[in-house]
>>> print(open('coords.csv').read())   # CSV, C-alpha atoms
chain,number,residue,atom,x,y,z
A,179,MET,CA,33.8,28.7,-9.7
A,180,THR,CA,36.1,31.6,-10.7
A,181,PHE,CA,39.6,32.1,-9.4
A,182,ALA,CA,38.5,35.1,-7.3
A,183,ARG,CA,35.7,33.2,-5.7
A,184,ARG,CA,38.1,30.3,-4.8
A,185,VAL,CA,40.4,32.8,-3.1
A,186,LEU,CA,37.5,34.4,-1.2
A,187,ALA,CA,36.2,31.0,-0.2
A,188,ILE,CA,39.5,30.0,1.4
A,189,ALA,CA,39.9,33.3,3.1
A,190,TRP,CA,36.3,33.1,4.4
A,191,LYS,CA,37.0,29.7,5.8
A,192,ASP,CA,39.9,31.0,7.8
A,193,LEU,CA,38.1,34.0,9.0
A,194,VAL,CA,35.0,32.1,10.1
A,195,ALA,CA,37.2,29.6,11.9
A,196,GLU,CA,39.0,32.4,13.7
A,197,TRP,CA,35.7,34.1,14.6
A,198,ARG,CA,34.4,31.0,16.2
A,199,ASP,CA,37.1,30.5,18.7
A,200,ARG,CA,38.9,34.0,18.5
A,201,GLU,CA,41.9,32.3,20.0
A,202,SER,CA,44.5,33.9,17.7
A,203,ILE,CA,43.1,37.4,17.9
A,204,THR,CA,42.8,37.3,21.7
A,205,ALA,CA,46.4,36.0,22.1
A,206,MET,CA,47.7,38.6,19.6
A,207,CYS,CA,45.9,41.5,21.1
A,208,PHE,CA,47.1,40.5,24.6
A,209,PHE,CA,50.7,40.1,23.3
A,210,ALA,CA,50.6,43.5,21.6
A,211,PHE,CA,49.3,45.2,24.8
A,212,LEU,CA,52.0,43.4,26.8
A,213,VAL,CA,54.8,44.5,24.5
A,214,LEU,CA,53.6,48.1,24.3
A,215,PHE,CA,53.0,48.3,28.1
A,216,LEU,CA,56.4,46.9,29.0
A,217,PHE,CA,58.2,49.4,26.7
A,218,SER,CA,56.1,52.2,28.0
A,219,PHE,CA,57.0,51.2,31.5
A,220,ALA,CA,60.7,51.0,30.6
A,221,LEU,CA,60.7,54.5,29.1
A,222,ASN,CA,59.2,55.8,32.4
A,223,GLY,CA,57.0,58.4,30.7
A,224,ASP,CA,60.0,60.3,29.2
A,225,GLN,CA,58.3,62.1,26.4
A,226,THR,CA,61.6,62.8,24.6
A,227,LEU,CA,62.5,59.1,24.5
A,228,ILE,CA,58.9,58.2,23.6
A,229,ARG,CA,58.8,60.6,20.7
A,230,GLY,CA,62.0,59.3,19.3
A,231,ALA,CA,61.3,55.6,19.7
A,232,SER,CA,57.5,55.3,19.4
A,233,SER,CA,57.3,54.3,15.8
A,234,GLY,CA,60.0,51.7,16.2
A,235,LEU,CA,58.3,50.3,19.3
A,236,LEU,CA,54.9,50.2,17.5
A,237,TRP,CA,56.3,48.2,14.6
A,238,LEU,CA,58.2,45.9,16.9
A,239,ALA,CA,55.0,45.0,18.6
A,240,PHE,CA,53.3,44.5,15.2
A,241,ALA,CA,56.1,42.3,14.0
A,242,PHE,CA,56.0,40.1,17.1
A,243,THR,CA,52.2,39.7,17.1
A,244,GLY,CA,52.2,39.1,13.3
A,245,VAL,CA,54.6,36.2,13.7
A,246,LEU,CA,52.4,34.8,16.5
A,247,GLY,CA,49.3,35.0,14.2
A,248,LEU,CA,51.1,33.4,11.3
A,249,ALA,CA,52.3,30.5,13.4
A,250,ARG,CA,48.9,29.8,14.8
A,251,SER,CA,47.3,29.9,11.4
A,252,VAL,CA,49.5,27.1,10.3
A,253,GLN,CA,49.0,25.1,13.5
A,254,SER,CA,45.3,25.2,12.9
A,255,GLU,CA,45.7,23.6,9.4
A,256,LEU,CA,48.0,20.9,10.8
A,257,ALA,CA,45.3,19.7,13.2
A,258,ASN,CA,43.4,16.6,12.0
A,259,ASP,CA,45.2,16.8,8.7
A,260,CYS,CA,43.3,19.9,7.6
A,261,LEU,CA,46.2,20.9,5.4
A,262,ASP,CA,45.9,17.7,3.3
A,263,GLY,CA,42.2,18.4,3.0
A,264,LEU,CA,42.9,22.0,1.8
A,265,LEU,CA,45.2,20.7,-0.8
A,266,LEU,CA,42.4,18.5,-2.2
A,267,TYR,CA,40.3,21.5,-2.7
A,268,PRO,CA,39.7,22.0,-6.5
A,269,ALA,CA,41.6,25.2,-6.8
A,270,GLU,CA,44.9,26.4,-8.2
A,271,ARG,CA,47.8,26.5,-5.8
A,272,GLU,CA,48.0,30.3,-6.3
A,273,ALA,CA,44.3,30.6,-5.2
A,274,ILE,CA,45.2,28.6,-2.0
A,275,TYR,CA,48.1,30.9,-1.3
A,276,LEU,CA,46.1,34.1,-1.9
A,277,GLY,CA,43.2,32.9,0.2
A,278,LYS,CA,45.6,32.1,3.1
A,279,LEU,CA,47.3,35.5,2.6
A,280,LEU,CA,44.0,37.4,2.6
A,281,GLY,CA,42.9,35.6,5.8
A,282,ASN,CA,46.3,36.3,7.6
A,283,PHE,CA,46.4,39.9,6.3
A,284,SER,CA,42.8,40.5,7.7
A,285,VAL,CA,43.6,39.1,11.1
A,286,ILE,CA,46.9,40.9,11.5
A,287,LEU,CA,45.4,44.2,10.3
A,288,LEU,CA,42.5,43.9,12.7
A,289,VAL,CA,44.9,43.4,15.6
A,290,GLU,CA,46.9,46.4,14.5
A,291,LEU,CA,43.7,48.5,14.4
A,292,ILE,CA,42.9,47.4,18.0
A,293,SER,CA,46.4,48.2,19.1
A,294,PHE,CA,46.3,51.8,17.9
A,295,PRO,CA,44.1,53.1,20.7
A,296,ILE,CA,46.2,51.2,23.2
A,297,PHE,CA,49.3,52.8,21.8
A,298,ALA,CA,47.7,56.2,21.8
A,299,VAL,CA,46.8,55.9,25.5
A,300,LEU,CA,50.0,54.3,26.8
A,301,TYR,CA,52.3,56.7,24.9
A,302,ASN,CA,50.1,59.8,25.1
A,303,MET,CA,50.0,60.2,21.3
A,304,ASP,CA,47.4,62.0,19.2
A,305,LEU,CA,46.8,59.4,16.4
A,306,TRP,CA,43.2,60.3,15.4
A,307,SER,CA,44.0,63.2,13.3
A,308,GLN,CA,46.8,61.3,11.5
A,309,LEU,CA,45.0,57.9,11.3
A,310,PRO,CA,44.3,58.1,7.5
A,311,LYS,CA,48.0,58.8,6.8
A,312,LEU,CA,49.0,56.1,9.3
A,313,MET,CA,46.8,53.6,7.5
A,314,LEU,CA,48.5,54.4,4.2
A,315,ILE,CA,51.7,53.2,5.8
A,316,THR,CA,50.2,50.3,7.8
A,317,VAL,CA,48.3,48.6,5.0
A,318,PRO,CA,51.2,48.0,2.5
A,319,ALA,CA,53.6,47.1,5.3
A,320,THR,CA,51.2,44.6,6.7
A,321,LEU,CA,50.5,43.2,3.2
A,322,GLY,CA,54.2,42.6,2.5
A,323,PHE,CA,54.7,41.1,6.0
A,324,ALA,CA,51.8,38.8,5.6
A,325,ALA,CA,52.8,37.8,2.0
A,326,ALA,CA,56.3,36.7,3.1
A,327,GLY,CA,54.9,35.2,6.4
A,328,THR,CA,52.3,33.1,4.6
A,329,LEU,CA,54.9,31.6,2.3
A,330,LEU,CA,57.4,30.9,5.0
A,331,SER,CA,54.8,29.5,7.4
A,332,THR,CA,53.9,27.0,4.8
A,333,MET,CA,57.5,26.2,4.1
A,334,THR,CA,58.2,25.5,7.8
A,335,ALA,CA,54.9,23.7,8.5
A,336,GLY,CA,56.5,20.2,8.4
A,337,LEU,CA,59.4,21.1,10.6
A,338,ARG,CA,59.6,20.0,14.2
A,339,ALA,CA,61.0,23.4,15.2
A,340,ARG,CA,58.6,25.4,13.0
A,341,GLU,CA,57.8,27.9,15.8
A,342,ALA,CA,61.5,28.9,16.0
A,343,MET,CA,62.3,28.7,12.3
A,344,LEU,CA,59.4,31.0,11.2
A,345,PRO,CA,60.7,34.2,12.9
A,346,PHE,CA,64.3,33.1,12.2
A,347,LEU,CA,63.5,33.2,8.4
A,348,LEU,CA,60.9,35.9,8.4
A,349,PHE,CA,62.5,38.7,10.2
A,350,PRO,CA,65.8,38.9,8.1
A,351,MET,CA,63.7,38.8,4.9
A,352,THR,CA,61.4,41.6,6.0
A,353,ILE,CA,63.9,43.9,7.7
A,354,PRO,CA,63.8,46.5,4.8
A,355,LEU,CA,60.0,46.5,4.8
A,356,ILE,CA,59.8,47.0,8.6
A,357,LEU,CA,62.4,49.7,8.5
A,358,ALA,CA,60.5,51.5,5.8
A,359,ALA,CA,57.3,51.2,7.8
A,360,VAL,CA,59.1,52.6,10.9
A,361,ARG,CA,60.5,55.6,9.0
A,362,GLY,CA,57.1,56.3,7.3
A,363,THR,CA,55.3,56.0,10.7
A,364,GLU,CA,57.8,58.4,12.2
A,365,VAL,CA,57.0,61.0,9.6
A,366,VAL,CA,53.3,60.7,10.4
A,367,LEU,CA,53.7,60.7,14.2
A,368,ARG,CA,55.9,63.8,14.0
A,369,HIS,CA,53.2,65.6,12.0
A,370,GLU,CA,55.6,66.3,9.1
A,371,SER,CA,54.7,66.6,5.5
A,372,PHE,CA,53.5,63.3,4.1
A,373,GLU,CA,55.7,63.9,1.1
A,374,LEU,CA,58.7,62.9,3.2
A,375,ALA,CA,57.1,59.4,3.7
A,376,MET,CA,56.6,58.8,-0.1
A,377,PRO,CA,60.1,57.3,-0.7
A,378,TRP,CA,59.4,54.8,2.1
A,379,LEU,CA,55.9,54.1,0.8
A,380,LYS,CA,57.4,53.4,-2.7
A,381,LEU,CA,59.9,51.1,-1.1
A,382,MET,CA,57.2,49.1,0.7
A,383,GLY,CA,55.3,48.9,-2.6
A,384,ALA,CA,58.3,47.5,-4.3
A,385,PHE,CA,58.8,44.9,-1.6
A,386,ASP,CA,55.1,44.0,-1.7
A,387,VAL,CA,55.3,43.2,-5.4
A,388,LEU,CA,58.6,41.3,-4.9
A,389,PHE,CA,57.1,39.1,-2.1
A,390,LEU,CA,53.8,38.5,-3.9
A,391,VAL,CA,55.3,37.5,-7.2
A,392,GLY,CA,58.0,35.4,-5.6
A,393,SER,CA,55.5,33.7,-3.4
A,394,LEU,CA,53.1,32.9,-6.2
A,395,LEU,CA,55.9,31.4,-8.3
A,396,THR,CA,57.2,29.2,-5.5
A,397,PHE,CA,54.2,28.3,-3.4
A,398,GLU,CA,53.1,25.3,-5.6
A,399,PHE,CA,56.5,23.7,-5.1
A,400,LEU,CA,56.2,23.9,-1.3
A,401,VAL,CA,53.0,21.9,-1.0
A,402,GLU,CA,52.4,18.3,-2.0
A,403,GLU,CA,49.2,16.4,-2.1
>>> encode(input="coords.csv", output="structure tokens")
Amino acid sequence: MTFARRVLAIAWKDLVAEWRDRESITAMCFFAFLVLFLFSFALNGDQTLIRGASSGLLWLAFAFTGVLGLARSVQSELANDCLDGLLLYPAEREAIYLGKLLGNFSVILLVELISFPIFAVLYNMDLWSQLPKLMLITVPATLGFAAAGTLLSTMTAGLRAREAMLPFLLFPMTIPLILAAVRGTEVVLRHESFELAMPWLKLMGAFDVLFLVGSLLTFEFLVEE
């Protein structure tokens, strides 16, 4: 079996398991709706405040729901010693990491796609004409967030306070990435020229490469058979 097929096999395992119970996706979608609804209620329909804060609120909801999904993906592996079984799989540690990353990235991105219509309705935003540009910001930002989160969720898997340690470690590490995503999304939502978002897109690309390379180099030292 080739390296790519091993990666896809691990990712497929996670996605099939998620599809069977849909526990993580349901919880993440509900949490995203709750966060967006509460902020919408707090802003009391003030369009001036909404226009200024909408991109930040959107990525705040994405960050919180992303952490929730990453934490639940690790919890599912800890049940019945599934993580030990995964480590016995005849594959390179890099393939295991990339497979877990691909599964986490797919779930988080799906929840974000479901959240966009909720955001458009609650905040009275016209996203449909800008959706292709918005996806150009969302995909690299989500990839970097999932890359760092997959590594840190594995690192904290054996800790008793792993639910608290994961966001404690992940948010400071990904602050530049999230801020770049917020600024790029702000450019798109304001219908400004997409060239203004290019510096932020390049910054996200640089962080994606940094997180991926760093994770691939360190992941094998975080897991033991």
>>> closest_residue(input="coords.csv", among="A:Leu381, A:Val365, A:Ala326, A:Leu288", to="Pro350 of chain A", atoms="only C-alpha atoms")
A:Ala326
>>> atom_distance(input="coords.csv", atom1="atom CA of Leu321 of chain A", atom2="atom CA of Pro295 of chain A")
21.1 Å
>>> closest_residue(input="coords.csv", among="A:Phe181, A:Tyr275, A:Phe283, A:Phe297", to="Leu193 of chain A", atoms="all atoms listed in the file")
A:Phe283
>>> residues_around(input="coords.csv", residues="Ala195 of chain A", least_positions_apart="6", cutoff="12 Å", atoms="only C-alpha atoms", output="PDB file with C-alpha atoms, in the coordinates of the input")
ATOM      1  CA  ILE A 188      39.500  30.000   1.400  1.00  0.00           C
ATOM      2  CA  ALA A 189      39.900  33.300   3.100  1.00  0.00           C
ATOM      3  CA  GLU A 201      41.900  32.300  20.000  1.00  0.00           C
ATOM      4  CA  SER A 202      44.500  33.900  17.700  1.00  0.00           C
ATOM      5  CA  ILE A 203      43.100  37.400  17.900  1.00  0.00           C
ATOM      6  CA  SER A 251      47.300  29.900  11.400  1.00  0.00           C
ATOM      7  CA  SER A 254      45.300  25.200  12.900  1.00  0.00           C
ATOM      8  CA  GLU A 255      45.700  23.600   9.400  1.00  0.00           C
ATOM      9  CA  GLY A 281      42.900  35.600   5.800  1.00  0.00           C
ATOM     10  CA  VAL A 285      43.600  39.100  11.100  1.00  0.00           C
TER      11      VAL A 285
END
>>> residues_around(input="coords.csv", residues="Leu276 of chain A", least_positions_apart="5", cutoff="10 Å", atoms="only C-alpha atoms", output="VMD selection string")
chain A and resid 182 184 to 186 188 to 189 271 281 to 282 325 328 390 393 to 394
>>> residues_around(input="coords.csv", residues="Pro354 of chain A", least_positions_apart="5", cutoff="12 Å", atoms="all atoms listed in the file", output="PyMOL selection string")
chain A and resi 319+322-323+348-349+359-361+378-379+381-386
>>> closest_residue(input="coords.csv", among="A:Pro345, A:Leu395, A:Arg183, A:Lys311", to="Glu370 of chain A", atoms="all atoms listed in the file")
A:Lys311
>>> atom_distance(input="coords.csv", atom1="atom CA of Leu330 of chain A", atom2="atom CA of Leu347 of chain A")
7.4 Å
>>> atom_distance(input="coords.csv", atom1="atom CA of Phe294 of chain A", atom2="atom CA of Ile228 of chain A")
15.2 Å
